[in-house]
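Asker: One structure follows; several queries about it will come next.
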Amino acid sequence: MDLKEKLISSFWAFENHQDEDSYLHKIRTEAIKSFEDKGFPSKKEEAWKYTSLNSILKNDYSVFPKQENAIEYNDVKKYFIHDIDTYKIVFIDGKYSSHLSQTTHDGMDICLMSSALTKPKYRILIENYFNKIAQNDSLTSLNTAFSSEGAYIHIPKNKMVAKPIQIIHLSTGNESAIMLQPRNLIVVDENSHLQIIERHQSLTDNPVLTNSVTEIFVNKRAIVDYYKIQNDNTNASLIDNSYINQKQGSICSVHTFAFGGKLTRNNLNFYQQGERINSTLKGITIIGDKQHVDHNTLVHHTEPNCESHQDYKGVYGENSTGVFNGQILVDKKAQKTNAFQSNKNILISDKATINTKPQLEIFADDVKCSHGCTIGQLDESALFYLRSRGIPEKEAKALLMYAFSNNVLNSVQIPEIKNRINKIIANKLGVDIGFDL
Amino acid sequence: MNKYTEDDLREELKTKEYEYGFYTDIESDTFPNGLNEDIVKAISIKKEEPQWMTDWRLEAFRTWKEMTEPDWANVNYKKPDFQGISYYSAPNKKPKYNSLDEVDPELLETFKKLGISLDEQKKLSGVAMDVVVDSVSVATTFKKTLGEKGIIFMSISEAIKEHPELVRKYIGTVVPQKDNFYAALNSAVFSDGSFCYIPKGVRCPMELSTYFRINQAGTGQFERTLVIADEGSYVSYLEGCTAPSRDENQLHAAVVELIALNDAEIKYSTVQNWYPGNAEGKGGVYNFVTKRGLCETNAKISWTQVETGSAVTWKYPSCILKGDNSVGEFYSIAVTNNFQQADTGTKMIHLGKNTKSTIISKGISAGKSQNSYRGLVKISPNADNARNFSQCDSLLMGNECGAHTFPYIEAKNKTARIEHEATTSKIGEDQIFYCNQRGINTEKAIALIVNGFSKDVLNKLPMEFAVEAQKLLEISLEGSVG
Amino acid sequence: MLKIKNLHASVADKSILRGINLEIKPGEVHAIMGPNGSGKSTLASVIAGKEDYEVTDGEIFFEGEDINEFAPEERAHKGVFLSFQYPVEIPGVSVTNFMKTAINETRKAKGLEDMPAKDMLKLIREKAELLEIDRKFLSRSLNEGFSGGEKKRNEIFQMAMLEPKLAILDETDSGLDIDALRIVANGVNKLKNKDNAVLLITHYQRLLDYIVPDYVHVLYKGKIVKSGTKELAHELEAKGYDWIKEEVNI
Ligand SMILES: Nc1ncnc2c1ncn2[C@@H]1O[C@H](COP(=O)(O)OP(=O)(O)O)[C@@H](O)[C@H]1O
Ligand SMILES: [Mg+2]
């Protein structure tokens with residue numbers, strides 16, 4: 001039985017136990033049909049031209065989390081941003097881990113999707129927001145069909161959430177291969193401010209496939225900073241589907257730090273609905289081995305006077321492959337849009353590949369839109385300069401690569417994250433650069 | 001309702017003929033509508049082609065039959081009915097008009113704006129010519145000069161007869177029959193086109209433009225061009241014409257193949273100004289062209305195009321940089337107005353070491369038109385030190401049009417250096433006011449600004465053509481500012 | 001030559017000029033000074049006919065003709081020249097090409113033939129020399145990548161080429177070093193004669209040391225609140241604008 005069939009039959013086995021009249025039942029069954037029609041995406045589809053899922057679909061994944069596994073905090077502490085106080089929503093093999101988590105219902109809800117989907121007091125919010133902006137492409141549909149667990153965050157009006165929230169998914173490897181489908185819903189009401197850190201981490205070499213969907217609603221004048229740290233094992237793959245809906249005057253930034261995993265695909269979609277919206281999409285990718293990272297972004301400008309900035313940097317070593325597929329879409333009504341996109345790449349190995357496709361689709365005339373894209377190597381004269389000052393070649397190269405990717409970090413608001421990313425970069429580049437920020 | 005008229009009868013007979021197999025009067029000058037193997041054979045026979053050519057066409061036809069029309073381009077149009085077209089029509093020898101007075105005054109007005117001479121106006125609009133203005137003699141003089149240098153320049157039909165070894169060796173080597181839907185169709189049914197061979201070390205002493213301009217009328221909708229620059233030679237080739245051509249054919253599917261052998265250089269410039277349809281978007285030419293060049297060691301191919309015509313354009317002049325140190329260039333201005341749609345760009349395929357490519361694309365959209373740049377830069381694993389620079393700028397005039405950029409960049413070599421930049425902007429009110437204040441009216445100001453925007457490409461055109469192209473830009477955008 | 005009567009103008013529904021009266025006769029040099037935002041550039045743009053600005057009341061006569069309905073290029077053809085405070089970049093269009101177009105369009109409006117290329121070249125050379133402009137500069141794209149000073153000098157070069165009747169110089173002195181200021185002022189003075197007139201808009205007294213005005217006006221909140229001779233400029237230099245503001249606010 002291939003994975004598609006297995007998923008479909010498991011779905012029905014599970015869903016038949018559910019209440020057939022429920023609001024969710026309808027959404028789920030429609031979603032599984034959509035997945036059944038479309039199947040997993042193939043390279044024939046323009047959006048998947050450069051990324052093939054074949055190699056990760058052939059594992060025999062268990063598709064429902066079976067048992068609760070416990071982990072000691074000290075064993076996994078290093079995967080947390082542990083030097084600051086944070087809320088934590090932690091999952092182990094797809095199941096919520098209450099002893100590693102720290103949630104709240106005090107004036108806001110930072111808790112679980114499973115309770116939001118089942119408890120009546122959340123019903124209105126779920127009906128207003130759940131699955132409203134997630135698309136019905138095959139992978140998102142698949143997640144929707146299986147959606148039962150994940151993070152549920154609702155911040156009411158005028159609230160500065162004092163601590164960042166960490167959403168951490170750990171997999172123990174107790175199953176020989178596991179497929180996880182977390183589903184997150186984040187609603188930030190007017191004038192509120194929220195910071196989120198998300199990480200997926202496999203603790204063994206057993207294959208993990210995560211197909212995650214996150215819907216984020218950034219209401220009027222709200223501010224959301226989202227950090228995705230992707231530094232997983234070489235047998236763990238991640239398909240991250242994020243949908244962000246922004247209302248008037250809101251500011252949202254997503255930083256994606258892609259340092260590892262077997263195959264990582266980030267579908268990051270921003271839908272602007274209102275004026276004076278600001279969207280920021282930034283990414284650093286540093287990979288090697290046979291790793292594959294694909295950033296697929298969309299910023300859809302629908303109303304006047306909005307801005308978007310995209311800045312993606314990548315360093316590709318060994319047999320790795322990088323893909324950047326960025327789209328800026330400006331509707332006729334969206335006059336005075338400022339949209340910028342930059343994608344810069346360095347190939348440091350003979351076997352590495354980069355495919356990039358920055359697209360502009362513009363239907364309004366009074367706009368400033370541009371994209372730039374480069375592929376190249378480290379600046380030889382800069383390298384020579386450093387070496388002539390006594391810095392060994394390896395360190396000099398690392399320093400230059402660090403400098404190359406570093407400016408993406410300028411917009412990171414949490415110093416501890418900046419620190420952590422710097423350390424990961426230094427580690428990836430295989431040197432102790434000896435600077436501390 | 002059930003009235004069976006004579007027309008119905010005739011219609012039925014026509015279709016019946018197909019059912020019963022081939023029936024075409026080869027003596028007639030126009031074939032019946034539709035396409036099948038027999039029509040392909042008939043075209044070949046009519047043109048007195050050798051068997052290998054007939055076979056080649058048939059092979060193409062069989063491939064084409066299995067293909068489907070592509071729809072990935074960013075254009076919307078009603079797919080042509082390929083069985084509704086007549087695939088052979090002998091060049092019309094009879095003049096259409098007896099004097100210029102009979103020609104559409106609007107057309108003549110445009111000729112005047114472009115500064116085209118009276119004689120040429122006659123030629124272009126199909127007016128009978130005096131013996132005195134003998135274009136044939138002009139052509140003969142050219143032929144003599146070219147002949148002295150060993151340059152072969154003739155129609156491809158002639159070349160198939162007179163230089164079969166050259167044609168056979170090179171045709172389809174750059175654009176194979178099965179390359180794409182339209183290329184396959186063209187390979188099966190191409191009517192005519194040009195053939196050019198520049199011998200080793202020869203620098204073609206003139207732009208092969210004037211000659212072409214005089215001779216290009218009536219080459220039909222499936223044109224095939226083959227240009228071979230032998231080692232160390234140079235040729236500058238100009239295709240098309242700034243004059244608007246009121247072509248009746250809706251579908252144009254040309255194929256152009258360029259072969260630049262070691263150290264050779266080909267400069268290929270195109271000005272395309274076919275009928276774009278009227279202001280309401282009715283009519284106009286579908287222009288689906290496959291143009292590609294192959295560069296051997298140290299060779300260079302440079303494509304320059306000014307595209308202002310056609311209702312739908314689908315065109316990607318490309319370079320295969322096979323030889324080490326070879327160079328590919330693409331300079332393009334694409335103007336769309338009213339309901340025009342253009343999806344154009346280039347492919348630069350870097351195979352050899354130290355290969356270099358440059359892409360400069362300027363898109364100008366006005367009215368309700370859609371203008372897309374689509375390009376591919378591919379650096380293969382062996383192409384050490386490949387370089388590419390691309391600049392794609394779009395200018396939008398009015399807020400009912402669209403400008404789109406779809407660059408694909410694929411690099412598989414760490415020594416590659418690629419830079420791609422794209423911008424989209426509009427003409428600023430303040431720029432126009434500045435010009436106004438210096439006494440330049442708005443229409444002229446726009447022309448000036450558009451010319452400035454396109455300058456990097458206009459500069460690449462042969463001198464005399466650049467001037468005409470500039471005027472052409474102005475005319476194409478007339479009435480685009482309200 | 002120029003007569004402005006009770007001129008009111010607004011932009012984006014914001015009233016900026018509120019009753020300006022000004023008369024400039026042939027041969028005169030007028031200076032307009034005033035704090036930032038008082039409406040100086042607006043006045044210049046309204047005279048030149050910028051369409052964003054709506055004249056809500058009053059009249060502008062140029063050589064006895066009401067020009068309110070005239071397009072900017074028609075005003076230019078009649079001899080109104082504006083040296084912009086912020087000259088606009090036009091990529092790909094060389095200074096020479098731009099000037100050639102401007103001159104020939106103006107000639108066309110007057111029913112004249114295009115200026116022969118030979119004469120054009122001579123004129124360009126002559127005027128470039130007057131303003132000490134390097135010939136290489138003339139083939140660069142208009143204002144693109146020009147320094148502030150180069151832009152201003154280029155404006156005056158264009159003025160010299162077009163020989164207007166009325167030249168409005170909007171802060172042409174700002175961004176110029178002393179040498180450039182001298183060159184520009186010298187250029188203006190050489191072109192000055194009894195038949196044309198100059199309206200200088202400036203913040204600083206120093207330009208007026210080189211181009212001596214017959215009249216100085218102070219513009220404040222969209223009105224000319226004080227007029228005088230060049231002594232007034234000295235007074236402003238010494239005391240600033242505050243005393244005028246106070247006087248007005250009483
Ligand atoms: N296009 C415009 N839209 C809105 N306000 C404008 C515009 N142009 C000028 N203004 C406003 O008009 C006032 C006068 O400006 P301006 O004439 O440039 O002053 P000055 O040249 O004296 O410094 C300022 O408050 C300015 O902000
Ligand atoms: Mg001002």
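By order of appearance in the structure tokens: chains A, B, ..., then residues from 1 within every chain, and ligands from 1 in the order shown.
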List all protein, DNA and RNA residues that have at least one atom no more than 9 Å from any atom of ligand 1, counting only C-alpha atoms and all ligand atoms, and write them as number ranges by chain.

Answerer: C: 10-17, 33-45, 52-53, 85, 170-171, 201, 219-222

Asker: When you get a sec, could you note down which chain B residues fall within 9 Å of chain C, using only C-alpha atoms, as a PyMOL selection string?

Answerer: chain B and resi 430-431+433-442+444+448-456

Asker: Which residues, written as a PyMOL selection string, have at least one atom at most 9 Å from Glu215 in chain A, with only C-alpha atoms counted and residues fewer than 4 positions away on the same chain left out?

Answerer: chain A and resi 129-134+183-187+241-245

Asker: Given the choices B:Lys368, B:Lys471, B:Lys347, B:Lys149, which gets closest to chain A if the distance is worked out from only C-alpha atoms?

Answerer: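 Smallest separation from chain A among the options: B:Lys368.
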
Asker: Please provide the set of residues having any atom within 9 Å of range 209-214 of chain A, restricted to only C-alpha atoms, with same-chain residues fewer than 4 positions apart removed, written as a ChimeraX atom specification.

Answerer: /A:56-57,61,134,139-140,142-144,147,150-151,177-186,200,235-244

Asker: Would you give me, as a ChimeraX atom specification, the residues of chain B that come within 7 Å of chain A, using only C-alpha atoms?

Answerer: /B:396-426

Asker: Would you output that residue set with C-alpha atoms, as a PDB file, in the first residue's frame?

Answerer:
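Output file selection.pdb follows:
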ATOM      1  CA  LEU B 396       3.578  50.430 -16.931  1.00  0.00           C
ATOM      2  CA  MET B 397       1.376  53.053 -18.519  1.00  0.00           C
ATOM      3  CA  GLY B 398      -2.099  53.218 -17.049  1.00  0.00           C
ATOM      4  CA  ASN B 399      -3.516  50.838 -14.492  1.00  0.00           C
ATOM      5  CA  GLU B 400      -5.309  48.385 -16.697  1.00  0.00           C
ATOM      6  CA  CYS B 401      -2.245  46.637 -17.987  1.00  0.00           C
ATOM      7  CA  GLY B 402       0.067  44.121 -16.393  1.00  0.00           C
ATOM      8  CA  ALA B 403       3.803  43.496 -16.295  1.00  0.00           C
ATOM      9  CA  HIS B 404       5.171  40.144 -15.253  1.00  0.00           C
ATOM     10  CA  THR B 405       8.611  38.705 -14.771  1.00  0.00           C
ATOM     11  CA  PHE B 406       9.338  34.987 -14.647  1.00  0.00           C
ATOM     12  CA  PRO B 407      13.055  34.362 -14.628  1.00  0.00           C
ATOM     13  CA  TYR B 408      14.249  30.803 -14.067  1.00  0.00           C
ATOM     14  CA  ILE B 409      17.814  30.433 -12.909  1.00  0.00           C
ATOM     15  CA  GLU B 410      19.448  27.053 -12.530  1.00  0.00           C
ATOM     16  CA  ALA B 411      23.067  26.784 -11.480  1.00  0.00           C
ATOM     17  CA  LYS B 412      24.968  23.574 -11.076  1.00  0.00           C
ATOM     18  CA  ASN B 413      28.486  24.926 -10.964  1.00  0.00           C
ATOM     19  CA  LYS B 414      30.063  26.682  -8.055  1.00  0.00           C
ATOM     20  CA  THR B 415      32.143  28.988 -10.198  1.00  0.00           C
ATOM     21  CA  ALA B 416      29.070  30.478 -11.828  1.00  0.00           C
ATOM     22  CA  ARG B 417      28.373  34.135 -11.373  1.00  0.00           C
ATOM     23  CA  ILE B 418      24.856  35.213 -12.041  1.00  0.00           C
ATOM     24  CA  GLU B 419      23.211  38.505 -11.435  1.00  0.00           C
ATOM     25  CA  HIS B 420      19.609  39.136 -12.134  1.00  0.00           C
ATOM     26  CA  GLU B 421      17.717  42.332 -11.509  1.00  0.00           C
ATOM     27  CA  ALA B 422      14.206  43.357 -12.315  1.00  0.00           C
ATOM     28  CA  THR B 423      12.264  46.514 -11.704  1.00  0.00           C
ATOM     29  CA  THR B 424       8.786  47.737 -12.397  1.00  0.00           C
ATOM     30  CA  SER B 425       7.883  51.366 -12.500  1.00  0.00           C
ATOM     31  CA  LYS B 426       5.761  53.921 -14.241  1.00  0.00           C
TER      32      LYS B 426
END

Asker: Quote the spacing between CA of Thr86 in chain A and CA of Thr172 in chain A in Å to one decimal place.

Answerer: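 Straight-line distance from CA of Thr86 in chain A to CA of Thr172 in chain A works out to 23.1 Å.
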
Asker: So that I can check the surroundings of Asp66 in chain C, please list as a PyMOL selection string every protein, DNA and RNA residue that reaches within 12 Å of it, counting only C-alpha atoms and ignoring chain neighbours fewer than 3 positions away.

Answerer: chain C and resi 1-5+47+58-63+69-70+75

Asker: For the selection you just gave me, I'd like the residues written to a file as a PDB file, in the first residue's frame, keeping N, CA, C and O atoms.

Answerer:
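Resulting contents of selection.pdb:
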ATOM      1  N   MET C   1       5.295  92.405 -17.212  1.00  0.00           N
ATOM      2  CA  MET C   1       5.513  91.083 -17.807  1.00  0.00           C
ATOM      3  C   MET C   1       4.685  90.033 -17.074  1.00  0.00           C
ATOM      4  O   MET C   1       3.873  89.336 -17.657  1.00  0.00           O
ATOM      5  N   LEU C   2       4.896  89.962 -15.753  1.00  0.00           N
ATOM      6  CA  LEU C   2       4.102  89.023 -14.947  1.00  0.00           C
ATOM      7  C   LEU C   2       3.282  89.837 -13.948  1.00  0.00           C
ATOM      8  O   LEU C   2       3.810  90.715 -13.258  1.00  0.00           O
ATOM      9  N   LYS C   3       1.985  89.511 -13.921  1.00  0.00           N
ATOM     10  CA  LYS C   3       1.143  90.213 -12.971  1.00  0.00           C
ATOM     11  C   LYS C   3       0.256  89.201 -12.272  1.00  0.00           C
ATOM     12  O   LYS C   3      -0.531  88.509 -12.909  1.00  0.00           O
ATOM     13  N   ILE C   4       0.447  89.091 -10.973  1.00  0.00           N
ATOM     14  CA  ILE C   4      -0.343  88.127 -10.210  1.00  0.00           C
ATOM     15  C   ILE C   4      -1.286  88.889  -9.308  1.00  0.00           C
ATOM     16  O   ILE C   4      -0.860  89.793  -8.579  1.00  0.00           O
ATOM     17  N   LYS C   5      -2.572  88.527  -9.410  1.00  0.00           N
ATOM     18  CA  LYS C   5      -3.564  89.258  -8.625  1.00  0.00           C
ATOM     19  C   LYS C   5      -4.315  88.330  -7.687  1.00  0.00           C
ATOM     20  O   LYS C   5      -4.944  87.377  -8.136  1.00  0.00           O
ATOM     21  N   ILE C  47       2.848  79.211 -11.266  1.00  0.00           N
ATOM     22  CA  ILE C  47       3.142  80.066 -12.422  1.00  0.00           C
ATOM     23  C   ILE C  47       3.493  79.203 -13.636  1.00  0.00           C
ATOM     24  O   ILE C  47       3.087  79.468 -14.757  1.00  0.00           O
ATOM     25  N   GLY C  58      -8.207  84.316  -8.071  1.00  0.00           N
ATOM     26  CA  GLY C  58      -7.159  85.211  -8.539  1.00  0.00           C
ATOM     27  C   GLY C  58      -6.722  84.918  -9.963  1.00  0.00           C
ATOM     28  O   GLY C  58      -7.228  83.994 -10.607  1.00  0.00           O
ATOM     29  N   GLU C  59      -5.772  85.710 -10.444  1.00  0.00           N
ATOM     30  CA  GLU C  59      -5.365  85.604 -11.853  1.00  0.00           C
ATOM     31  C   GLU C  59      -3.858  85.733 -12.007  1.00  0.00           C
ATOM     32  O   GLU C  59      -3.193  86.380 -11.183  1.00  0.00           O
ATOM     33  N   ILE C  60      -3.369  85.121 -13.077  1.00  0.00           N
ATOM     34  CA  ILE C  60      -1.964  85.297 -13.448  1.00  0.00           C
ATOM     35  C   ILE C  60      -1.919  85.788 -14.892  1.00  0.00           C
ATOM     36  O   ILE C  60      -2.420  85.113 -15.793  1.00  0.00           O
ATOM     37  N   PHE C  61      -1.344  86.961 -15.072  1.00  0.00           N
ATOM     38  CA  PHE C  61      -1.181  87.481 -16.430  1.00  0.00           C
ATOM     39  C   PHE C  61       0.279  87.416 -16.808  1.00  0.00           C
ATOM     40  O   PHE C  61       1.158  87.775 -16.010  1.00  0.00           O
ATOM     41  N   PHE C  62       0.537  86.907 -18.015  1.00  0.00           N
ATOM     42  CA  PHE C  62       1.898  86.936 -18.529  1.00  0.00           C
ATOM     43  C   PHE C  62       1.867  87.696 -19.832  1.00  0.00           C
ATOM     44  O   PHE C  62       1.124  87.331 -20.751  1.00  0.00           O
ATOM     45  N   GLU C  63       2.618  88.796 -19.876  1.00  0.00           N
ATOM     46  CA  GLU C  63       2.599  89.691 -21.036  1.00  0.00           C
ATOM     47  C   GLU C  63       1.170  90.055 -21.416  1.00  0.00           C
ATOM     48  O   GLU C  63       0.771  89.945 -22.576  1.00  0.00           O
ATOM     49  N   GLU C  69      -5.412  79.043 -18.056  1.00  0.00           N
ATOM     50  CA  GLU C  69      -5.868  77.848 -18.756  1.00  0.00           C
ATOM     51  C   GLU C  69      -4.775  77.213 -19.617  1.00  0.00           C
ATOM     52  O   GLU C  69      -5.013  76.199 -20.270  1.00  0.00           O
ATOM     53  N   PHE C  70      -3.601  77.813 -19.638  1.00  0.00           N
ATOM     54  CA  PHE C  70      -2.554  77.319 -20.537  1.00  0.00           C
ATOM     55  C   PHE C  70      -1.845  76.087 -19.969  1.00  0.00           C
ATOM     56  O   PHE C  70      -1.568  76.016 -18.771  1.00  0.00           O
ATOM     57  N   ARG C  75       3.031  77.635 -21.671  1.00  0.00           N
ATOM     58  CA  ARG C  75       3.664  78.700 -20.890  1.00  0.00           C
ATOM     59  C   ARG C  75       5.159  78.732 -21.185  1.00  0.00           C
ATOM     60  O   ARG C  75       5.749  79.801 -21.322  1.00  0.00           O
TER      61      ARG C  75
END

Asker: Show me, as a list in words, the residues that have an atom within 6 Å of Ser171 in chain A when counting only C-alpha atoms, minus same-chain residues fewer than 2 positions from it.

Answerer: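 Returned residues: Ile92, Asp93, Gly173, Ser202 and Leu203 of chain A.
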
Asker: Check range 114-236 of chain C with DSSP on the backbone and list each residue it calls alpha helix (DSSP H), as a VMD selection string.

Answerer: chain C and resid 117 to 130 148 to 162 178 to 191 205 to 210 230 to 236
